[in-house]
Amino acid sequence: MNNELCITVNGTEVWLQGQGDVVILMLHGWPDTRALWDGTVAALQDRATCARLTLPGFETGPSATSLDDMCQLLRQIVDRISPGKAVTLMLHDWGCIFGYEFAMRHAERVARVVAVDVGDHNSGALLRSWGTKEKLSVMGYQVWLALAWKLGGNLGTRMTRAMARWLRCPTDPERITHKMNYPYAMQWFGTAGGFKGAAQIQLPMPLLFVYGERKPFMFHSAQWLEKIAATPGSAVQGLPCGHWVMISRPEAFHARVRAWLWAEL
């Protein structure tokens, strides 16, 4: 995209575009890169400064980044791109899991959160909401990807691309490699310390949660939706699509985000 500024923070490239007073830090998940947010940046850059990065290890950098190290990196990035003002986080998939933890650890640096399709990922309510079929489905694809990361090389990448096709991932297959799977290895093998240290999701700042309604299973519980909907300043929005909401329903997603971010302006 045009008029992007690239800065490097602790070895990670961060790309900024837009001129608005609101600074939005966008974090993607599997198997994506910062390119996931191309359309969202185009839709918001007139009123926001949009900052994006590709998660370390997904293309370059360490083979895996621990939860603590990721939070430390995000703190360094936020302090660099918005030293005097809290940012808005925009999160998807694994970006939600890393971003929620950062927001809870450094609440003074996060004003609001827009989260897409992953909610209370480590709650008992979510686990209880899945039947046997859903539990086996989640375990099946996630362990497959964790094994692909561990195997690595051409075989690991072929396994990863095969799963991406099966899950109808919109990412260009040529950009997908086994390197992007390390969060699954953290989840199932405890790689880089795993996620046992992740807190239950209790965000102290306003949250807009947008999710796809047409999936074989959800990544949030009904209680999560009820809690957000009942919290002043927060909101919930379901859209008729799958996991990659910003790709499948871009106009509706961007309109809802703009309305929520700037309703009071």
# chains A, B, ... in the order shown; residues from 1 in each chain; ligands from 1
call {"tool": "select_by_dssp", "arguments": {"residues": "region 101-232 of chain A", "states": "strand (DSSP E)", "output": "PyMOL selection string"}}
result
chain A and resi 110-116+207-212
call {"tool": "write_last_selection", "arguments": {"atoms": "N, CA and C atoms", "output": "PDB file, in the first residue's frame"}}
result
ATOM      1  N   VAL A 110      -3.598   0.562  26.644  1.00  0.00           N
ATOM      2  CA  VAL A 110      -4.639   0.127  25.701  1.00  0.00           C
ATOM      3  C   VAL A 110      -5.947   0.821  26.044  1.00  0.00           C
ATOM      4  N   ALA A 111      -6.475   1.604  25.106  1.00  0.00           N
ATOM      5  CA  ALA A 111      -7.723   2.334  25.334  1.00  0.00           C
ATOM      6  C   ALA A 111      -8.948   1.488  25.017  1.00  0.00           C
ATOM      7  N   ARG A 112      -8.875   0.738  23.915  1.00  0.00           N
ATOM      8  CA  ARG A 112      -9.994  -0.072  23.447  1.00  0.00           C
ATOM      9  C   ARG A 112      -9.465  -1.280  22.696  1.00  0.00           C
ATOM     10  N   VAL A 113     -10.331  -2.260  22.519  1.00  0.00           N
ATOM     11  CA  VAL A 113      -9.956  -3.469  21.781  1.00  0.00           C
ATOM     12  C   VAL A 113     -11.060  -3.820  20.794  1.00  0.00           C
ATOM     13  N   VAL A 114     -10.671  -4.079  19.554  1.00  0.00           N
ATOM     14  CA  VAL A 114     -11.560  -4.689  18.562  1.00  0.00           C
ATOM     15  C   VAL A 114     -11.032  -6.103  18.339  1.00  0.00           C
ATOM     16  N   ALA A 115     -11.812  -7.104  18.709  1.00  0.00           N
ATOM     17  CA  ALA A 115     -11.378  -8.494  18.601  1.00  0.00           C
ATOM     18  C   ALA A 115     -12.274  -9.225  17.610  1.00  0.00           C
ATOM     19  N   VAL A 116     -11.645 -10.055  16.779  1.00  0.00           N
ATOM     20  CA  VAL A 116     -12.369 -10.732  15.713  1.00  0.00           C
ATOM     21  C   VAL A 116     -12.271 -12.243  15.874  1.00  0.00           C
ATOM     22  N   LEU A 207     -14.672  -3.148  24.625  1.00  0.00           N
ATOM     23  CA  LEU A 207     -14.373  -4.184  23.629  1.00  0.00           C
ATOM     24  C   LEU A 207     -15.494  -4.264  22.602  1.00  0.00           C
ATOM     25  N   LEU A 208     -15.112  -4.261  21.335  1.00  0.00           N
ATOM     26  CA  LEU A 208     -16.030  -4.637  20.255  1.00  0.00           C
ATOM     27  C   LEU A 208     -15.617  -6.019  19.793  1.00  0.00           C
ATOM     28  N   PHE A 209     -16.530  -6.986  19.916  1.00  0.00           N
ATOM     29  CA  PHE A 209     -16.236  -8.355  19.500  1.00  0.00           C
ATOM     30  C   PHE A 209     -17.078  -8.683  18.278  1.00  0.00           C
ATOM     31  N   VAL A 210     -16.405  -8.980  17.166  1.00  0.00           N
ATOM     32  CA  VAL A 210     -17.063  -9.322  15.907  1.00  0.00           C
ATOM     33  C   VAL A 210     -16.699 -10.763  15.567  1.00  0.00           C
ATOM     34  N   TYR A 211     -17.699 -11.555  15.196  1.00  0.00           N
ATOM     35  CA  TYR A 211     -17.416 -12.970  14.935  1.00  0.00           C
ATOM     36  C   TYR A 211     -18.222 -13.474  13.738  1.00  0.00           C
ATOM     37  N   GLY A 212     -17.701 -14.515  13.111  1.00  0.00           N
ATOM     38  CA  GLY A 212     -18.402 -15.174  12.026  1.00  0.00           C
ATOM     39  C   GLY A 212     -19.415 -16.168  12.559  1.00  0.00           C
TER      40      GLY A 212
END
call {"tool": "closest_atom_pairs", "arguments": {"of": "region 80-178 of chain A", "to": "region 10-34 of chain A", "cutoff": "10 Å", "atoms": "only C-alpha atoms", "output": "JSON lines"}}
result
{"residue": "A:Ile81", "atom": "CA", "partner": "A:Val23", "partner_atom": "CA", "distance": 7.9}
{"residue": "A:Ser82", "atom": "CA", "partner": "A:Val23", "partner_atom": "CA", "distance": 7.0}
{"residue": "A:Lys85", "atom": "CA", "partner": "A:Val23", "partner_atom": "CA", "distance": 8.5}
{"residue": "A:Ala86", "atom": "CA", "partner": "A:Val23", "partner_atom": "CA", "distance": 8.0}
{"residue": "A:Val87", "atom": "CA", "partner": "A:Val23", "partner_atom": "CA", "distance": 5.2}
{"residue": "A:Thr88", "atom": "CA", "partner": "A:Ile24", "partner_atom": "CA", "distance": 4.7}
{"residue": "A:Leu89", "atom": "CA", "partner": "A:Leu25", "partner_atom": "CA", "distance": 5.0}
{"residue": "A:Met90", "atom": "CA", "partner": "A:Met26", "partner_atom": "CA", "distance": 4.6}
{"residue": "A:Leu91", "atom": "CA", "partner": "A:Leu27", "partner_atom": "CA", "distance": 5.0}
{"residue": "A:His92", "atom": "CA", "partner": "A:His28", "partner_atom": "CA", "distance": 5.1}
{"residue": "A:Asp93", "atom": "CA", "partner": "A:Gly29", "partner_atom": "CA", "distance": 4.6}
{"residue": "A:Trp94", "atom": "CA", "partner": "A:Gly29", "partner_atom": "CA", "distance": 4.3}
{"residue": "A:Gly95", "atom": "CA", "partner": "A:Leu27", "partner_atom": "CA", "distance": 4.8}
{"residue": "A:Cys96", "atom": "CA", "partner": "A:Leu27", "partner_atom": "CA", "distance": 7.5}
{"residue": "A:Ile97", "atom": "CA", "partner": "A:Gly29", "partner_atom": "CA", "distance": 9.1}
{"residue": "A:Phe98", "atom": "CA", "partner": "A:Leu27", "partner_atom": "CA", "distance": 8.5}
{"residue": "A:Gly99", "atom": "CA", "partner": "A:Leu27", "partner_atom": "CA", "distance": 7.4}
{"residue": "A:Val110", "atom": "CA", "partner": "A:Leu25", "partner_atom": "CA", "distance": 9.8}
{"residue": "A:Ala111", "atom": "CA", "partner": "A:Val22", "partner_atom": "CA", "distance": 9.8}
{"residue": "A:Arg112", "atom": "CA", "partner": "A:Ile24", "partner_atom": "CA", "distance": 9.3}
{"residue": "A:Val113", "atom": "CA", "partner": "A:Ile24", "partner_atom": "CA", "distance": 9.2}
{"residue": "A:Val114", "atom": "CA", "partner": "A:Met26", "partner_atom": "CA", "distance": 9.3}
{"residue": "A:Ala115", "atom": "CA", "partner": "A:Leu27", "partner_atom": "CA", "distance": 9.7}
{"residue": "A:Val116", "atom": "CA", "partner": "A:His28", "partner_atom": "CA", "distance": 9.7}
{"residue": "A:Thr160", "atom": "CA", "partner": "A:Pro31", "partner_atom": "CA", "distance": 8.7}
{"residue": "A:Arg161", "atom": "CA", "partner": "A:Pro31", "partner_atom": "CA", "distance": 9.2}
{"residue": "A:Ala164", "atom": "CA", "partner": "A:Pro31", "partner_atom": "CA", "distance": 7.7}
{"residue": "A:Cys169", "atom": "CA", "partner": "A:Pro31", "partner_atom": "CA", "distance": 8.0}
{"residue": "A:Pro170", "atom": "CA", "partner": "A:Asp32", "partner_atom": "CA", "distance": 9.1}
{"residue": "A:Thr171", "atom": "CA", "partner": "A:Asp32", "partner_atom": "CA", "distance": 6.4}
{"residue": "A:Asp172", "atom": "CA", "partner": "A:Asp32", "partner_atom": "CA", "distance": 8.9}
{"residue": "A:Pro173", "atom": "CA", "partner": "A:Pro31", "partner_atom": "CA", "distance": 9.3}
{"residue": "A:Arg175", "atom": "CA", "partner": "A:Asp32", "partner_atom": "CA", "distance": 8.2}
{"residue": "A:Ile176", "atom": "CA", "partner": "A:Pro31", "partner_atom": "CA", "distance": 6.2}
{"residue": "A:Thr177", "atom": "CA", "partner": "A:Pro31", "partner_atom": "CA", "distance": 8.0}
{"residue": "A:His178", "atom": "CA", "partner": "A:Pro31", "partner_atom": "CA", "distance": 9.1}
call {"tool": "select_by_dssp", "arguments": {"residues": "region 91-252 of chain A", "states": "alpha helix (DSSP H)", "output": "short mmCIF file (atom, residue, chain, number, x, y, z; two decimals) with C-alpha atoms, in the first residue's frame"}}
result
data_model
loop_
_atom_site.label_atom_id
_atom_site.label_comp_id
_atom_site.auth_asym_id
_atom_site.auth_seq_id
_atom_site.Cartn_x
_atom_site.Cartn_y
_atom_site.Cartn_z
CA TRP A 94 -3.86 -15.89 17.61
CA GLY A 95 -3.54 -12.13 17.59
CA CYS A 96 -6.46 -12.15 20.03
CA ILE A 97 -4.68 -14.50 22.41
CA PHE A 98 -1.45 -12.50 22.41
CA GLY A 99 -3.29 -9.18 22.36
CA TYR A 100 -5.66 -9.97 25.23
CA GLU A 101 -2.73 -10.91 27.44
CA PHE A 102 -0.90 -7.71 26.55
CA ALA A 103 -4.02 -5.62 27.22
CA MET A 104 -4.45 -7.16 30.66
CA ARG A 105 -0.79 -6.81 31.60
CA GLY A 124 -14.30 -23.46 31.14
CA ALA A 125 -17.50 -22.09 29.61
CA LEU A 126 -16.06 -22.44 26.09
CA LEU A 127 -14.81 -25.96 26.72
CA ARG A 128 -18.22 -26.99 28.10
CA SER A 129 -19.97 -25.50 25.07
CA THR A 132 -17.36 -34.39 21.44
CA LYS A 133 -17.40 -33.64 17.72
CA GLU A 134 -16.25 -30.06 18.23
CA LYS A 135 -13.53 -31.06 20.68
CA LEU A 136 -12.17 -33.69 18.31
CA SER A 137 -12.30 -31.25 15.38
CA VAL A 138 -10.36 -28.58 17.27
CA MET A 139 -7.79 -31.06 18.54
CA GLY A 140 -7.43 -32.64 15.11
CA TYR A 141 -6.52 -29.56 13.12
CA GLN A 142 -4.48 -27.94 15.89
CA VAL A 143 -2.35 -30.99 16.67
CA TRP A 144 -1.81 -31.52 12.93
CA LEU A 145 -0.43 -27.99 12.65
CA ALA A 146 1.66 -28.38 15.81
CA LEU A 147 3.19 -31.55 14.36
CA ALA A 148 3.81 -29.78 11.05
CA TRP A 149 5.75 -27.09 12.92
CA LYS A 150 7.79 -29.71 14.77
CA LEU A 151 8.57 -31.64 11.58
CA GLY A 153 10.92 -28.28 6.24
CA ASN A 154 9.05 -29.09 3.05
CA LEU A 155 6.94 -31.77 4.71
CA GLY A 156 5.80 -29.41 7.45
CA THR A 157 4.93 -26.74 4.92
CA ARG A 158 3.00 -29.19 2.74
CA MET A 159 1.04 -30.34 5.78
CA THR A 160 0.30 -26.72 6.70
CA ARG A 161 -0.89 -25.77 3.23
CA ALA A 162 -3.08 -28.87 3.06
CA MET A 163 -4.78 -27.89 6.31
CA ALA A 164 -5.17 -24.31 5.11
CA ARG A 165 -6.97 -25.58 2.01
CA TRP A 166 -9.22 -27.80 4.11
CA TYR A 182 4.36 -22.32 16.44
CA PRO A 183 1.39 -21.00 18.48
CA TYR A 184 -0.19 -24.46 18.05
CA ALA A 185 3.02 -26.05 19.31
CA MET A 186 2.83 -23.70 22.29
CA GLN A 187 -0.75 -24.79 22.90
CA TRP A 188 -0.26 -28.56 22.61
CA PHE A 189 3.44 -29.20 23.30
CA ALA A 222 -22.48 -17.74 24.97
CA GLN A 223 -21.55 -16.33 28.38
CA TRP A 224 -18.77 -14.31 26.74
CA LEU A 225 -21.23 -12.67 24.36
CA GLU A 226 -23.68 -11.94 27.15
CA LYS A 227 -21.01 -10.37 29.33
CA ILE A 228 -19.72 -8.10 26.56
CA ALA A 229 -23.20 -7.05 25.47
CA VAL A 245 -14.56 -11.84 8.82
CA MET A 246 -12.57 -8.91 7.42
CA ILE A 247 -12.07 -10.79 4.15
CA SER A 248 -15.54 -12.36 3.78
CA PRO A 250 -15.33 -6.34 4.57
CA GLU A 251 -17.98 -3.66 4.06
CA ALA A 252 -20.07 -4.75 7.04
#
call {"tool": "closest_residue", "arguments": {"among": "A:Pro232, A:Gly242, A:Gly193, A:Gly61", "to": "Asp117 (chain A)", "atoms": "only C-alpha atoms"}}
result
A:Gly242
call {"tool": "atom_distance", "arguments": {"atom1": "CA of Phe58 (chain A)", "atom2": "CA of Met218 (chain A)"}}
result
24.6 Å
call {"tool": "closest_residue", "arguments": {"among": "A:Ala42, A:Leu5, A:Ala35, A:Met180", "to": "Thr60 (chain A)", "atoms": "only C-alpha atoms"}}
result
A:Met180
call {"tool": "atom_distance", "arguments": {"atom1": "CA of His106 (chain A)", "atom2": "CA of Arg75 (chain A)"}}
result
7.6 Å
call {"tool": "atom_distance", "arguments": {"atom1": "CA of Met70 (chain A)", "atom2": "CA of Pro56 (chain A)"}}
result
8.5 Å
call {"tool": "closest_residue", "arguments": {"among": "A:Trp130, A:Phe253, A:Trp244, A:Phe219", "to": "Thr40 (chain A)", "atoms": "only C-alpha atoms"}}
result
A:Phe253
call {"tool": "closest_residue", "arguments": {"among": "A:Cys241, A:Leu36, A:Cys50, A:Val118", "to": "Asn3 (chain A)", "atoms": "only C-alpha atoms"}}
result
A:Cys50
call {"tool": "decode", "arguments": {"residues": "region 132-144 of chain A", "atoms": "N, CA, C and O atoms", "output": "PDB file, in the first residue's frame"}}
result
ATOM      1  N   THR A 132     -18.474 -33.508  21.807  1.00  0.00           N
ATOM      2  CA  THR A 132     -17.364 -34.390  21.444  1.00  0.00           C
ATOM      3  C   THR A 132     -16.868 -34.114  20.031  1.00  0.00           C
ATOM      4  O   THR A 132     -15.656 -34.067  19.784  1.00  0.00           O
ATOM      5  N   LYS A 133     -17.790 -33.916  19.107  1.00  0.00           N
ATOM      6  CA  LYS A 133     -17.403 -33.643  17.717  1.00  0.00           C
ATOM      7  C   LYS A 133     -16.569 -32.383  17.615  1.00  0.00           C
ATOM      8  O   LYS A 133     -15.530 -32.360  16.922  1.00  0.00           O
ATOM      9  N   GLU A 134     -16.992 -31.317  18.285  1.00  0.00           N
ATOM     10  CA  GLU A 134     -16.253 -30.060  18.232  1.00  0.00           C
ATOM     11  C   GLU A 134     -14.878 -30.196  18.872  1.00  0.00           C
ATOM     12  O   GLU A 134     -13.873 -29.700  18.332  1.00  0.00           O
ATOM     13  N   LYS A 135     -14.817 -30.881  20.003  1.00  0.00           N
ATOM     14  CA  LYS A 135     -13.529 -31.056  20.675  1.00  0.00           C
ATOM     15  C   LYS A 135     -12.549 -31.841  19.813  1.00  0.00           C
ATOM     16  O   LYS A 135     -11.361 -31.492  19.720  1.00  0.00           O
ATOM     17  N   LEU A 136     -13.043 -32.905  19.172  1.00  0.00           N
ATOM     18  CA  LEU A 136     -12.167 -33.690  18.310  1.00  0.00           C
ATOM     19  C   LEU A 136     -11.741 -32.894  17.083  1.00  0.00           C
ATOM     20  O   LEU A 136     -10.592 -33.023  16.620  1.00  0.00           O
ATOM     21  N   SER A 137     -12.634 -32.077  16.543  1.00  0.00           N
ATOM     22  CA  SER A 137     -12.296 -31.252  15.382  1.00  0.00           C
ATOM     23  C   SER A 137     -11.205 -30.247  15.721  1.00  0.00           C
ATOM     24  O   SER A 137     -10.230 -30.082  14.975  1.00  0.00           O
ATOM     25  N   VAL A 138     -11.356 -29.567  16.855  1.00  0.00           N
ATOM     26  CA  VAL A 138     -10.355 -28.582  17.272  1.00  0.00           C
ATOM     27  C   VAL A 138      -9.016 -29.257  17.519  1.00  0.00           C
ATOM     28  O   VAL A 138      -7.967 -28.799  17.033  1.00  0.00           O
ATOM     29  N   MET A 139      -9.034 -30.356  18.259  1.00  0.00           N
ATOM     30  CA  MET A 139      -7.794 -31.063  18.543  1.00  0.00           C
ATOM     31  C   MET A 139      -7.149 -31.564  17.255  1.00  0.00           C
ATOM     32  O   MET A 139      -5.925 -31.467  17.079  1.00  0.00           O
ATOM     33  N   GLY A 140      -7.963 -32.063  16.329  1.00  0.00           N
ATOM     34  CA  GLY A 140      -7.431 -32.635  15.106  1.00  0.00           C
ATOM     35  C   GLY A 140      -6.644 -31.636  14.279  1.00  0.00           C
ATOM     36  O   GLY A 140      -5.488 -31.896  13.913  1.00  0.00           O
ATOM     37  N   TYR A 141      -7.240 -30.489  13.994  1.00  0.00           N
ATOM     38  CA  TYR A 141      -6.521 -29.557  13.121  1.00  0.00           C
ATOM     39  C   TYR A 141      -5.365 -28.874  13.855  1.00  0.00           C
ATOM     40  O   TYR A 141      -4.317 -28.594  13.268  1.00  0.00           O
ATOM     41  N   GLN A 142      -5.535 -28.635  15.164  1.00  0.00           N
ATOM     42  CA  GLN A 142      -4.476 -27.943  15.888  1.00  0.00           C
ATOM     43  C   GLN A 142      -3.261 -28.836  16.127  1.00  0.00           C
ATOM     44  O   GLN A 142      -2.121 -28.387  15.979  1.00  0.00           O
ATOM     45  N   VAL A 143      -3.478 -30.085  16.478  1.00  0.00           N
ATOM     46  CA  VAL A 143      -2.352 -30.991  16.674  1.00  0.00           C
ATOM     47  C   VAL A 143      -1.648 -31.262  15.342  1.00  0.00           C
ATOM     48  O   VAL A 143      -0.414 -31.350  15.283  1.00  0.00           O
ATOM     49  N   TRP A 144      -2.407 -31.364  14.266  1.00  0.00           N
ATOM     50  CA  TRP A 144      -1.812 -31.525  12.930  1.00  0.00           C
ATOM     51  C   TRP A 144      -0.838 -30.380  12.639  1.00  0.00           C
ATOM     52  O   TRP A 144       0.296 -30.597  12.195  1.00  0.00           O
TER      53      TRP A 144
END
